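Pasted below: structure16.cif, mmCIF, C-alpha atoms and all ligand atoms.
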```cif
data_structure
#
loop_
_atom_site.label_atom_id
_atom_site.label_comp_id
_atom_site.auth_asym_id
_atom_site.auth_seq_id
_atom_site.Cartn_x
_atom_site.Cartn_y
_atom_site.Cartn_z
CA MET A 22 -21.55 9.31 13.48
CA ILE A 23 -18.69 10.63 11.40
CA SER A 24 -15.16 9.27 11.68
CA LEU A 25 -12.45 11.58 10.33
CA ASP A 26 -9.70 9.01 9.82
CA THR A 27 -6.20 10.11 10.93
CA THR A 28 -7.32 13.44 12.48
CA ARG A 29 -5.14 14.26 15.47
CA ALA A 30 -6.77 16.33 18.17
CA ASP A 31 -4.27 19.18 18.28
CA ARG A 32 -4.81 20.11 14.60
CA VAL A 33 -8.47 20.90 15.31
CA GLY A 34 -9.01 24.58 16.20
CA ILE A 35 -11.00 24.09 19.38
CA TYR A 36 -8.36 21.61 20.55
CA GLY A 37 -5.68 24.28 20.23
CA ALA A 38 -4.41 24.32 16.64
CA GLU A 39 -2.57 27.58 16.02
CA ARG A 40 -3.77 27.80 12.40
CA ASP A 41 -7.36 28.25 11.25
CA ILE A 42 -7.65 24.68 9.97
CA THR A 43 -11.17 23.63 11.02
CA PRO A 44 -13.40 26.75 11.14
CA ARG A 45 -16.63 24.87 10.45
CA LEU A 46 -16.11 22.15 13.05
CA ASP A 47 -15.04 24.85 15.51
CA ALA A 48 -18.33 26.66 14.89
CA LEU A 49 -20.32 23.43 15.33
CA ALA A 50 -18.42 22.85 18.58
CA ASP A 51 -20.26 25.82 20.09
CA GLU A 52 -23.18 23.40 20.34
CA ALA A 53 -21.20 20.36 21.49
CA LEU A 54 -20.30 18.21 24.43
CA LEU A 55 -16.54 18.01 23.96
CA PHE A 56 -14.07 15.46 25.22
CA ARG A 57 -10.72 17.08 25.86
CA ARG A 58 -8.83 13.85 26.56
CA ALA A 59 -10.40 11.31 24.21
CA ARG A 60 -8.12 8.49 23.11
CA THR A 61 -8.01 5.58 20.77
CA PRO A 62 -6.37 2.39 22.08
CA VAL A 63 -4.21 2.02 18.97
CA GLY A 64 -3.16 3.75 15.75
CA ASN A 65 -4.86 1.29 13.44
CA THR A 66 -8.06 1.87 11.47
CA LEU A 67 -9.46 -1.66 11.81
CA LEU A 68 -8.75 -2.10 15.50
CA ALA A 69 -9.87 1.39 16.49
CA HIS A 70 -13.17 1.22 14.61
CA ALA A 71 -13.87 -2.28 15.95
CA SER A 72 -13.35 -0.88 19.47
CA LEU A 73 -15.56 2.10 18.66
CA PHE A 74 -18.39 -0.10 17.36
CA THR A 75 -18.26 -2.73 20.12
CA GLY A 76 -16.90 -0.92 23.19
CA LEU A 77 -14.31 -3.69 23.49
CA THR A 78 -10.52 -3.44 23.65
CA PRO A 79 -8.64 -4.76 20.61
CA ARG A 80 -7.56 -7.77 22.67
CA ALA A 81 -11.20 -8.55 23.44
CA HIS A 82 -12.80 -8.05 20.04
CA GLY A 83 -9.94 -9.93 18.46
CA ALA A 84 -9.92 -8.38 15.00
CA ILE A 85 -6.49 -8.69 13.38
CA PRO A 86 -5.58 -6.49 10.41
CA LEU A 87 -2.57 -8.31 8.97
CA GLY A 88 -0.95 -11.72 8.72
CA ASP A 89 -3.71 -14.30 8.56
CA GLY A 90 -6.15 -11.56 9.59
CA ALA A 91 -9.23 -12.02 11.74
CA ARG A 92 -12.65 -10.49 11.31
CA LEU A 93 -14.71 -8.91 14.04
CA PRO A 94 -16.50 -12.00 15.41
CA ASP A 95 -20.20 -12.23 14.54
CA SER A 96 -20.90 -12.74 18.22
CA ALA A 97 -19.44 -9.32 19.10
CA ARG A 98 -22.29 -6.81 19.39
CA THR A 99 -21.93 -3.54 17.51
CA ILE A 100 -23.80 -0.29 17.96
CA ALA A 101 -25.31 -0.81 14.49
CA GLU A 102 -26.73 -4.20 15.56
CA ASP A 103 -28.10 -2.69 18.77
CA LEU A 104 -29.91 0.06 16.88
CA ARG A 105 -31.14 -2.09 14.02
CA GLU A 106 -32.66 -4.53 16.50
CA ALA A 107 -34.44 -1.59 18.08
CA GLY A 108 -36.05 -0.84 14.72
CA TRP A 109 -33.67 1.83 13.44
CA GLN A 110 -32.67 2.18 9.80
CA THR A 111 -28.91 1.70 9.53
CA ALA A 112 -26.39 2.65 6.85
CA ALA A 113 -22.60 2.83 6.62
CA PHE A 114 -20.45 4.63 4.08
CA THR A 115 -16.80 3.68 4.52
CA THR A 116 -13.61 4.42 2.62
CA HIS A 117 -11.12 1.77 3.75
CA VAL A 118 -11.68 -0.88 1.11
CA THR A 119 -9.91 -3.70 2.95
CA TRP A 120 -10.72 -3.31 6.62
CA LEU A 121 -13.99 -1.41 7.00
CA THR A 122 -15.74 -4.01 4.88
CA PRO A 123 -18.12 -6.97 5.18
CA LYS A 124 -15.10 -9.27 4.87
CA PHE A 125 -13.82 -8.02 8.23
CA GLY A 126 -17.28 -8.09 9.81
CA PHE A 127 -17.99 -4.36 9.66
CA ASP A 128 -21.37 -4.74 7.95
CA GLN A 129 -22.85 -6.30 11.10
CA GLY A 130 -26.08 -4.45 11.80
CA PHE A 131 -26.10 -2.31 8.65
CA GLU A 132 -28.97 -2.61 6.18
CA HIS A 133 -27.03 -0.56 3.69
CA PHE A 134 -23.22 -0.82 3.43
CA ASP A 135 -21.25 1.23 0.91
CA VAL A 136 -17.45 1.04 0.66
CA THR A 137 -15.38 3.00 -1.88
CA ARG A 138 -12.12 4.94 -2.13
CA ASP A 139 -14.00 8.15 -2.90
CA PRO A 140 -13.26 11.60 -1.44
CA ALA A 141 -15.51 13.06 1.25
CA SER A 142 -17.58 15.19 -1.12
CA ASP A 143 -18.70 12.10 -3.08
CA VAL A 144 -19.23 9.91 -0.02
CA LEU A 145 -21.29 12.58 1.72
CA ALA A 146 -23.38 13.08 -1.42
CA ARG A 147 -24.27 9.37 -1.41
CA ALA A 148 -24.99 9.46 2.32
CA ARG A 149 -27.24 12.44 1.63
CA ALA A 150 -29.10 10.47 -1.06
CA TRP A 151 -29.61 7.60 1.40
CA LEU A 152 -30.97 10.06 3.98
CA ASP A 153 -33.37 11.53 1.44
CA ALA A 154 -34.68 8.07 0.49
CA ARG A 155 -35.11 6.72 4.03
CA ASP A 156 -38.40 6.26 5.84
CA PRO A 157 -38.81 9.60 7.65
CA GLU A 158 -41.02 8.02 10.31
CA ARG A 159 -38.34 5.71 11.74
CA PRO A 160 -35.10 6.64 13.49
CA TYR A 161 -31.81 6.05 11.70
CA PHE A 162 -28.15 5.45 12.40
CA LEU A 163 -25.79 6.73 9.73
CA PHE A 164 -22.06 5.98 9.99
CA VAL A 165 -19.69 7.80 7.65
CA HIS A 166 -15.95 7.10 7.54
CA LEU A 167 -13.81 9.57 5.59
CA PHE A 168 -10.21 8.90 4.59
CA ASP A 169 -9.27 12.30 3.16
CA VAL A 170 -6.78 13.28 5.87
CA HIS A 171 -4.90 9.97 5.68
CA SER A 172 -1.71 10.12 3.62
CA ASP A 173 -2.18 9.49 -0.06
CA ARG A 174 -1.08 6.22 -1.61
CA ASN A 175 1.70 6.78 -4.10
CA THR A 176 0.17 9.26 -6.47
CA GLY A 177 1.83 12.54 -5.62
CA ARG A 178 2.26 14.62 -2.50
CA PRO A 179 1.93 12.60 0.72
CA TYR A 180 -1.21 14.43 1.91
CA ARG A 181 -3.86 15.48 -0.56
CA ALA A 182 -6.26 18.40 -0.29
CA PRO A 183 -9.11 19.67 -2.43
CA GLU A 184 -8.21 22.51 -4.78
CA ALA A 185 -9.81 25.20 -2.60
CA SER A 186 -7.60 24.32 0.40
CA ARG A 187 -4.30 23.95 -1.48
CA GLY A 188 -1.67 26.56 -0.81
CA LEU A 189 -3.34 27.85 2.37
CA PHE A 190 -0.47 26.66 4.55
CA THR A 191 2.08 24.99 2.23
CA ASP A 192 4.91 26.43 0.18
CA ARG A 193 5.83 29.18 2.63
CA GLN A 194 9.57 28.53 2.61
CA PRO A 195 11.39 28.76 -0.71
CA GLY A 196 13.15 25.59 -1.77
CA VAL A 197 11.39 23.25 0.68
CA ALA A 198 8.39 22.01 -1.33
CA ARG A 199 9.17 19.17 -3.71
CA ASP A 200 7.70 18.70 -7.14
CA TRP A 201 5.80 15.58 -6.14
CA GLU A 202 4.84 14.63 -9.67
CA SER A 203 8.47 14.15 -10.61
CA GLU A 204 9.65 12.40 -7.42
CA HIS A 205 10.19 8.68 -7.94
CA VAL A 206 9.03 7.80 -4.41
CA LYS A 207 5.75 9.50 -3.61
CA GLY A 208 2.87 9.65 -1.21
CA THR A 209 2.78 7.22 1.71
CA LEU A 210 5.72 5.35 0.21
CA PHE A 211 7.85 8.45 0.71
CA LEU A 212 6.79 8.71 4.37
CA GLU A 213 7.61 5.02 4.85
CA ALA A 214 10.98 5.47 3.19
CA VAL A 215 11.79 8.31 5.62
CA ASN A 216 10.78 6.06 8.54
CA ALA A 217 13.05 3.34 7.18
CA GLY A 218 15.97 5.76 6.94
CA ARG A 219 16.14 5.61 3.14
CA PHE A 220 15.35 9.33 2.84
CA GLU A 221 16.05 12.26 5.07
CA LEU A 222 13.70 15.20 5.26
CA ARG A 223 15.14 18.50 4.06
CA GLU A 224 15.45 21.46 6.39
CA GLY A 225 11.89 22.72 6.96
CA GLU A 226 10.29 19.77 5.19
CA ARG A 227 8.67 18.34 8.30
CA ASP A 228 6.72 21.59 8.66
CA GLU A 229 5.83 21.45 4.98
CA LEU A 230 4.40 17.93 5.41
CA LEU A 231 2.39 19.09 8.41
CA ALA A 232 1.11 22.01 6.34
CA GLN A 233 -0.01 19.57 3.63
CA TYR A 234 -1.82 17.53 6.25
CA ASP A 235 -3.47 20.68 7.63
CA GLU A 236 -4.71 21.59 4.17
CA GLY A 237 -6.29 18.14 3.80
CA LEU A 238 -8.03 18.59 7.14
CA HIS A 239 -9.15 22.06 6.11
CA GLY A 240 -10.79 20.59 3.01
CA LEU A 241 -12.43 17.80 5.00
CA ASP A 242 -13.69 20.32 7.56
CA ASN A 243 -15.38 22.23 4.77
CA ASP A 244 -17.15 19.14 3.40
CA VAL A 245 -18.19 17.74 6.77
CA GLY A 246 -19.13 21.14 8.16
CA GLY A 247 -21.45 21.84 5.24
CA PHE A 248 -23.04 18.39 5.49
CA LEU A 249 -23.68 18.66 9.22
CA GLU A 250 -24.89 22.27 9.18
CA GLU A 251 -27.54 21.36 6.62
CA LEU A 252 -28.62 18.23 8.47
CA ARG A 253 -28.92 20.02 11.79
CA ARG A 254 -31.03 22.76 10.18
CA GLU A 255 -33.35 20.22 8.61
CA GLN A 256 -33.67 17.96 11.66
CA PRO A 257 -33.48 20.28 14.67
CA ASN A 258 -35.38 18.10 17.11
CA GLU A 259 -34.01 14.59 17.22
CA LEU A 260 -30.64 14.50 15.49
CA TRP A 261 -27.65 13.57 17.63
CA THR A 262 -24.27 13.79 15.93
CA VAL A 263 -20.95 12.25 16.98
CA VAL A 264 -17.75 13.45 15.33
CA LEU A 265 -14.48 11.71 16.15
CA SER A 266 -11.32 10.19 14.73
CA ASP A 267 -9.80 6.71 14.89
CA HIS A 268 -6.19 7.90 15.51
CA GLY A 269 -3.86 10.80 14.84
CA GLU A 270 -0.63 11.12 12.87
CA GLN A 271 3.04 11.69 13.75
CA PHE A 272 5.29 14.37 12.36
CA GLN A 273 8.57 13.24 13.92
CA GLU A 274 7.66 14.38 17.43
CA HIS A 275 9.22 11.04 18.43
CA GLY A 276 11.18 10.43 15.27
CA GLY A 277 8.58 8.77 13.05
CA LEU A 278 5.97 9.68 10.46
CA LEU A 279 2.55 8.00 9.85
CA HIS A 280 0.73 6.50 12.87
CA HIS A 281 2.43 3.34 14.06
CA SER A 282 3.59 4.58 17.48
CA LEU A 283 1.60 4.93 20.70
CA TYR A 284 2.58 8.49 21.59
CA GLU A 285 -0.09 11.10 22.14
CA GLU A 286 0.13 12.52 18.60
CA VAL A 287 -1.35 9.15 17.55
CA LEU A 288 -3.63 8.29 20.49
CA HIS A 289 -5.20 11.68 21.28
CA VAL A 290 -8.25 12.18 19.07
CA PRO A 291 -11.00 14.78 18.79
CA MET A 292 -14.42 13.62 19.97
CA MET A 293 -17.64 15.58 20.25
CA PHE A 294 -21.34 14.84 20.70
CA LEU A 295 -23.80 17.36 19.31
CA PRO A 296 -27.29 17.23 20.83
CA PRO A 297 -30.30 18.17 18.69
CA SER A 298 -30.05 21.88 17.95
CA SER A 299 -33.43 22.59 19.58
CA GLU A 300 -32.07 21.16 22.84
CA VAL A 301 -28.80 23.08 22.89
CA PRO A 302 -29.86 25.62 25.57
CA ALA A 303 -30.76 22.84 28.00
CA TRP A 304 -27.34 21.22 27.67
CA GLU A 305 -25.33 24.34 28.63
CA LEU A 306 -23.03 24.16 25.63
CA PRO A 307 -20.26 24.17 24.74
CA ARG A 308 -19.15 22.00 27.62
CA TRP A 309 -15.83 20.20 28.01
CA LEU A 310 -15.19 16.96 29.84
CA ASP A 311 -11.60 16.91 31.07
CA ALA A 312 -11.61 13.34 32.37
CA PRO A 313 -9.93 10.75 30.13
CA VAL A 314 -12.34 8.84 27.89
CA THR A 315 -11.89 6.45 24.98
CA LEU A 316 -13.59 5.47 21.73
CA MET A 317 -14.89 2.42 23.62
CA ASP A 318 -17.14 4.68 25.72
CA VAL A 319 -19.20 5.72 22.69
CA ARG A 320 -21.38 2.62 22.27
CA PRO A 321 -22.52 2.29 25.91
CA THR A 322 -23.13 6.05 26.04
CA LEU A 323 -25.31 6.02 22.91
CA LEU A 324 -27.27 3.01 24.18
CA ALA A 325 -27.98 4.84 27.43
CA LEU A 326 -28.80 8.05 25.60
CA PHE A 327 -31.44 6.33 23.46
CA GLY A 328 -32.80 4.30 26.36
CA LEU A 329 -31.82 0.98 24.80
CA ASP A 330 -31.18 -1.93 27.06
CA ALA A 331 -29.26 -4.00 24.55
CA ASP A 332 -26.50 -6.34 25.63
CA ARG A 333 -23.95 -3.97 27.06
CA THR A 334 -20.87 -6.17 27.13
CA SER A 335 -18.35 -3.41 26.91
CA TYR A 336 -15.09 -2.30 28.43
CA GLY A 337 -16.15 1.27 27.64
CA ARG A 338 -18.36 3.17 30.06
CA ASP A 339 -21.70 4.93 29.88
CA LEU A 340 -20.84 8.65 30.06
CA LEU A 341 -24.48 9.76 30.11
CA PRO A 342 -24.58 10.56 33.86
CA TRP A 343 -21.85 13.12 33.25
CA LEU A 344 -23.45 14.40 30.02
CA GLU A 345 -26.67 15.01 31.92
CA GLN A 346 -24.78 16.48 34.88
CA ARG A 347 -26.30 13.96 37.25
CA GLU A 348 -22.92 12.69 38.42
CA PRO A 349 -19.39 14.11 38.58
CA PRO A 350 -16.96 13.27 35.76
CA PRO A 351 -16.13 9.59 35.42
CA ARG A 352 -12.96 8.35 37.08
CA ALA A 353 -10.02 7.40 34.94
CA GLN A 354 -10.16 3.88 33.56
CA ALA A 355 -7.09 1.90 32.52
CA LEU A 356 -6.67 2.01 28.75
CA PRO A 357 -4.62 -0.94 27.48
CA LEU A 358 -2.70 -0.01 24.34
CA ALA A 359 -2.77 -2.07 21.14
CA TRP A 360 -3.53 -5.69 22.10
CA GLY A 361 -2.64 -5.01 25.71
CA ASP A 362 0.96 -5.87 24.91
CA ARG A 363 2.24 -2.35 24.28
CA GLY A 364 1.29 -0.44 27.39
CA MET A 365 -1.46 1.29 29.30
CA ILE A 366 -2.70 4.74 30.21
CA LEU A 367 -3.90 5.09 33.79
CA GLY A 368 -4.96 8.62 34.66
CA ASP A 369 -1.92 10.76 33.93
CA LEU A 370 0.52 7.86 33.85
CA LYS A 371 1.41 6.33 30.51
CA LEU A 372 3.35 3.12 30.20
CA LEU A 373 4.37 2.12 26.71
CA ARG A 374 6.94 0.28 24.69
CA SER A 375 7.91 0.22 21.08
CA PRO A 376 8.70 -3.17 19.51
CA ASP A 377 11.97 -4.59 20.88
CA GLU A 378 12.44 -1.60 23.21
CA PRO A 379 12.26 -1.38 27.01
CA TRP A 380 9.26 0.10 28.81
CA GLU A 381 8.88 3.87 28.86
CA LEU A 382 6.87 5.77 31.47
CA TYR A 383 5.50 9.32 31.22
CA ASP A 384 3.58 11.66 33.47
CA LEU A 385 1.20 13.24 30.96
CA ALA A 386 0.16 16.03 33.34
CA ALA A 387 3.71 17.30 33.81
CA ASP A 388 5.02 16.22 30.43
CA PRO A 389 2.22 16.09 27.81
CA ALA A 390 4.73 15.93 24.93
CA GLU A 391 6.28 12.74 26.39
CA GLN A 392 9.84 14.03 26.32
CA HIS A 393 10.97 12.90 29.78
CA ASP A 394 11.00 9.12 30.21
CA LEU A 395 10.53 8.40 33.93
CA ALA A 396 11.69 4.81 33.38
CA GLN A 397 15.23 6.22 33.14
CA GLU A 398 15.05 7.52 36.70
CA PRO A 399 16.47 5.48 39.58
CA GLY A 400 13.98 3.52 41.64
CA MET A 401 11.25 3.40 39.00
CA GLN A 402 11.60 -0.31 38.21
CA GLU A 403 9.25 -1.37 40.99
CA ARG A 404 6.53 1.05 39.85
CA ILE A 405 6.85 -0.20 36.30
CA ALA A 406 6.64 -3.81 37.45
CA GLN A 407 3.41 -3.00 39.31
CA LEU A 408 1.89 -1.36 36.24
CA VAL A 409 2.94 -4.24 34.00
CA ALA A 410 1.35 -6.72 36.41
CA GLN A 411 -1.87 -4.71 36.38
CA LEU A 412 -1.81 -4.58 32.58
CA ASP A 413 -1.16 -8.33 32.33
CA ALA A 414 -4.19 -9.06 34.52
CA LEU A 415 -6.39 -6.80 32.38
CA THR A 416 -5.11 -8.33 29.16
CA GLN A 417 -5.72 -11.83 30.47
CA GLY A 418 -9.36 -10.94 31.11
CA HIS A 419 -9.79 -9.39 27.69
CA ALA A 420 -8.21 -12.44 26.05
CA GLU A 421 -10.72 -14.66 27.84
CA LEU A 422 -13.59 -12.53 26.55
CA GLU A 423 -12.18 -12.82 23.04
CA ALA A 424 -12.04 -16.63 23.30
CA LEU A 425 -15.66 -16.59 24.40
CA LEU A 426 -16.75 -14.35 21.52
CA ARG A 427 -14.75 -16.24 18.97
CA GLY A 428 -16.11 -19.62 20.01
CA ALA A 429 -16.00 -22.18 17.27
CA ASP A 430 -15.70 -19.56 14.56
CA ASP A 431 -11.99 -18.92 14.06
CA GLY A 432 -12.88 -15.85 12.02
CA GLY A 433 -9.88 -16.14 9.72
CA VAL A 434 -9.78 -13.82 6.74
CA GLN A 435 -7.98 -14.59 3.50
CA LEU A 436 -6.36 -11.37 2.28
CA SER A 437 -6.41 -11.16 -1.51
CA SER A 438 -3.48 -9.86 -3.53
CA GLU A 439 -5.48 -6.63 -4.05
CA ASP A 440 -5.89 -6.32 -0.26
CA LEU A 441 -2.16 -6.82 0.28
CA GLU A 442 -1.32 -4.28 -2.39
CA PHE A 443 -3.71 -1.73 -0.90
CA LEU A 444 -2.42 -2.25 2.66
CA SER A 445 1.13 -2.04 1.41
CA GLU A 446 0.43 1.24 -0.39
CA MET A 447 -1.13 2.59 2.81
CA GLY A 448 2.00 1.85 4.79
CA TYR A 449 0.71 -1.08 6.89
CA LEU A 450 3.06 -3.73 5.52
CA GLN A 451 6.79 -3.66 6.03
CA ARG A 452 8.78 -4.23 2.89
ZN ZN B 1 -7.34 5.16 10.38
#
```

The structure given in the file should be rewritten as structure tokens.
Ligand SMILES: [Zn+2]
Amino acid sequence: MISLDTTRADRVGIYGAERDITPRLDALADEALLFRRARTPVGNTLLAHASLFTGLTPRAHGAIPLGDGARLPDSARTIAEDLREAGWQTAAFTTHVTWLTPKFGFDQGFEHFDVTRDPASDVLARARAWLDARDPERPYFLFVHLFDVHSDRNTGRPYRAPEASRGLFTDRQPGVARDWESEHVKGTLFLEAVNAGRFELREGERDELLAQYDEGLHGLDNDVGGFLEELRREQPNELWTVVLSDHGEQFQEHGGLLHHSLYEEVLHVPMMFLPPSSEVPAWELPRWLDAPVTLMDVRPTLLALFGLDADRTSYGRDLLPWLEQREPPPRAQALPLAWGDRGMILGDLKLLRSPDEPWELYDLAADPAEQHDLAQEPGMQERIAQLVAQLDALTQGHAELEALLRGADDGGVQLSSEDLEFLSEMGYLQR
């Protein structure tokens, strides 16, 4: 399973990107089960990955990234624990040095856990070495988290890219690109400063930032594509691969940069399952599922796929009946946003609110860019009240599950000054 942190769906070629940003993933997608409307519940790396691993909403798994912090409770079951108990070899290579760490409970179920700030090429090389050293007779679960697309800290241009991808899309308009080495506010700090109103983007600069981001994704596509192509060639018979992202990124579609909002540019993520290459003909690939799904559906689906009857406490659903074409696509399931306090997606309806703002309501079928707030229309208050009541009931249930999981262990995490500095550089702390 590979998580491409901060990759928004619509920058991936097969999801409709107008530039040739991800040629290698697009080629792999010819052999994939693809999820057209996959979503994360929240634009936060810790919460999204905890939901991915457990199948629980953020309110239910109860991890908290900031403030006093809270780790993923030991009593929450992760896909790594499920597989390790079934005798699989398990390894994780992650690149968020505060959150995707043992301190926050992310090593649960992993025999080998490696966390660094390294670029994809280095991380994948170490994952490769682990694969080469494993016991070839036993199944394995490898999780790789790559941070390359995420904005850079404060070292130069906001989005980095390997040398070979630089200049593919940037620097097309004279006078727009900055000399990032000489700017006094750089990287993520610059993006934060724009969000805070301390800087204004120049004419054309929003497109330049998006082009930088696209170049980073192009570089990541090259690394990941090469890694997966080789693995699928070597292990044609039993290797399943999942490629997805934890959240997207905003480029002022709704005013902001980074990924703190709950609009579709943040919530809509790419997600694909690649069956073993020898089985591709039987799966009738590529095949798209149009029904809405979430990261929480991954764990129950993998458990079903591998015939494991582990504890399946999960808000996510087993999508295997659809994958195997035994049943029609799954029906839409309510997706509570953030901790269940910020809104909900129900089919095509999306209810959301930004901090200290009133509720907004969108019809995603008619208005996928979320430009027309139905909450402004007369007579909508009753509909919104109904949706809020439904969301409150869901959230209440998820809060009860969290209390159960948490039990006596309050799971508090002491953030060190290095953690705070790192999170601050990444744009997660307001200053
Ligand atoms: Zn992330």

Check: Using all atoms listed in the file, which of A:Val409, A:Leu265, A:Leu367, A:Ile35 sits nearest ligand ZN 1 (chain B)?
Finding: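 Ranking A:Val409, A:Leu265, A:Leu367, A:Ile35 by distance to ligand ZN 1 (chain B), first place goes to A:Leu265.
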
Closest atom pairs, chain A residues within 12 Å of ligand ZN 1 (chain B), all atoms listed in the file, as JSON lines:
```
{"residue": "A:Ser24", "atom": "CA", "partner": "B:ZN1", "partner_atom": "ZN", "distance": 8.9}
{"residue": "A:Leu25", "atom": "CA", "partner": "B:ZN1", "partner_atom": "ZN", "distance": 8.2}
{"residue": "A:Asp26", "atom": "CA", "partner": "B:ZN1", "partner_atom": "ZN", "distance": 4.6}
{"residue": "A:Thr27", "atom": "CA", "partner": "B:ZN1", "partner_atom": "ZN", "distance": 5.1}
{"residue": "A:Thr28", "atom": "CA", "partner": "B:ZN1", "partner_atom": "ZN", "distance": 8.5}
{"residue": "A:Arg29", "atom": "CA", "partner": "B:ZN1", "partner_atom": "ZN", "distance": 10.7}
{"residue": "A:Thr61", "atom": "CA", "partner": "B:ZN1", "partner_atom": "ZN", "distance": 10.4}
{"residue": "A:Val63", "atom": "CA", "partner": "B:ZN1", "partner_atom": "ZN", "distance": 9.7}
{"residue": "A:Gly64", "atom": "CA", "partner": "B:ZN1", "partner_atom": "ZN", "distance": 6.9}
{"residue": "A:Asn65", "atom": "CA", "partner": "B:ZN1", "partner_atom": "ZN", "distance": 5.5}
{"residue": "A:Thr66", "atom": "CA", "partner": "B:ZN1", "partner_atom": "ZN", "distance": 3.5}
{"residue": "A:Leu67", "atom": "CA", "partner": "B:ZN1", "partner_atom": "ZN", "distance": 7.3}
{"residue": "A:Leu68", "atom": "CA", "partner": "B:ZN1", "partner_atom": "ZN", "distance": 9.0}
{"residue": "A:Ala69", "atom": "CA", "partner": "B:ZN1", "partner_atom": "ZN", "distance": 7.6}
{"residue": "A:His70", "atom": "CA", "partner": "B:ZN1", "partner_atom": "ZN", "distance": 8.2}
{"residue": "A:Ala71", "atom": "CA", "partner": "B:ZN1", "partner_atom": "ZN", "distance": 11.4}
{"residue": "A:Pro86", "atom": "CA", "partner": "B:ZN1", "partner_atom": "ZN", "distance": 11.8}
{"residue": "A:Thr115", "atom": "CA", "partner": "B:ZN1", "partner_atom": "ZN", "distance": 11.2}
{"residue": "A:Thr116", "atom": "CA", "partner": "B:ZN1", "partner_atom": "ZN", "distance": 10.0}
{"residue": "A:His117", "atom": "CA", "partner": "B:ZN1", "partner_atom": "ZN", "distance": 8.4}
{"residue": "A:Val118", "atom": "CA", "partner": "B:ZN1", "partner_atom": "ZN", "distance": 11.9}
{"residue": "A:Thr119", "atom": "CA", "partner": "B:ZN1", "partner_atom": "ZN", "distance": 11.8}
{"residue": "A:Trp120", "atom": "CA", "partner": "B:ZN1", "partner_atom": "ZN", "distance": 9.9}
{"residue": "A:Leu121", "atom": "CA", "partner": "B:ZN1", "partner_atom": "ZN", "distance": 9.9}
{"residue": "A:His166", "atom": "CA", "partner": "B:ZN1", "partner_atom": "ZN", "distance": 9.3}
{"residue": "A:Leu167", "atom": "CA", "partner": "B:ZN1", "partner_atom": "ZN", "distance": 9.2}
{"residue": "A:Phe168", "atom": "CA", "partner": "B:ZN1", "partner_atom": "ZN", "distance": 7.5}
{"residue": "A:Asp169", "atom": "CA", "partner": "B:ZN1", "partner_atom": "ZN", "distance": 10.3}
{"residue": "A:Val170", "atom": "CA", "partner": "B:ZN1", "partner_atom": "ZN", "distance": 9.3}
{"residue": "A:His171", "atom": "CA", "partner": "B:ZN1", "partner_atom": "ZN", "distance": 7.2}
{"residue": "A:Ser172", "atom": "CA", "partner": "B:ZN1", "partner_atom": "ZN", "distance": 10.1}
{"residue": "A:Leu265", "atom": "CA", "partner": "B:ZN1", "partner_atom": "ZN", "distance": 11.3}
{"residue": "A:Ser266", "atom": "CA", "partner": "B:ZN1", "partner_atom": "ZN", "distance": 7.8}
{"residue": "A:Asp267", "atom": "CA", "partner": "B:ZN1", "partner_atom": "ZN", "distance": 5.4}
{"residue": "A:His268", "atom": "CA", "partner": "B:ZN1", "partner_atom": "ZN", "distance": 5.9}
{"residue": "A:Gly269", "atom": "CA", "partner": "B:ZN1", "partner_atom": "ZN", "distance": 8.0}
{"residue": "A:Glu270", "atom": "CA", "partner": "B:ZN1", "partner_atom": "ZN", "distance": 9.3}
{"residue": "A:Leu279", "atom": "CA", "partner": "B:ZN1", "partner_atom": "ZN", "distance": 10.3}
{"residue": "A:His280", "atom": "CA", "partner": "B:ZN1", "partner_atom": "ZN", "distance": 8.6}
{"residue": "A:His281", "atom": "CA", "partner": "B:ZN1", "partner_atom": "ZN", "distance": 10.6}
{"residue": "A:Val287", "atom": "CA", "partner": "B:ZN1", "partner_atom": "ZN", "distance": 10.2}
{"residue": "A:Leu288", "atom": "CA", "partner": "B:ZN1", "partner_atom": "ZN", "distance": 11.2}
{"residue": "A:Val290", "atom": "CA", "partner": "B:ZN1", "partner_atom": "ZN", "distance": 11.2}
{"residue": "A:Leu444", "atom": "CA", "partner": "B:ZN1", "partner_atom": "ZN", "distance": 11.8}
{"residue": "A:Met447", "atom": "CA", "partner": "B:ZN1", "partner_atom": "ZN", "distance": 10.1}
{"residue": "A:Gly448", "atom": "CA", "partner": "B:ZN1", "partner_atom": "ZN", "distance": 11.4}
{"residue": "A:Tyr449", "atom": "CA", "partner": "B:ZN1", "partner_atom": "ZN", "distance": 10.8}
```

Check: Got a sec: who's within 9 Å of segment 364-366 of chain A, counting all atoms listed in the file, leaving out chain neighbours fewer than 3 positions off, as a list in words?
Finding: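 Non-adjacent residues within range: Pro62, Leu283, Gln354, Ala355, Leu356, Pro357, Leu358, Ala359, Trp360, Gly361, Asp369, Leu370, Lys371, Leu372, Leu373, Arg374, Trp380, Glu381, Leu408, Val409 and Leu412 of chain A.
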
Note to self: Ranking A:Glu236, A:Glu184, A:Asp318, A:Asp103 by minimum distance to Arg40 of chain A and counting only C-alpha atoms, which one comes first?
What the structure shows: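 Closest to Arg40 of chain A, using only C-alpha atoms: A:Glu236.
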
Item checked: Two-atom distance - atom CA of Pro376 of chain A, atom CA of Pro94 of chain A (Å) ->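 Pair atom CA of Pro376 of chain A / atom CA of Pro94 of chain A returns 27.0 Å.
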
Note to self: Would you compute the distance between atom CA of Pro123 of chain A and atom CA of Asp95 of chain A? Give it in Å to one decimal.
What the structure shows: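 Going from atom CA of Pro123 of chain A over to atom CA of Asp95 of chain A covers 10.9 Å.
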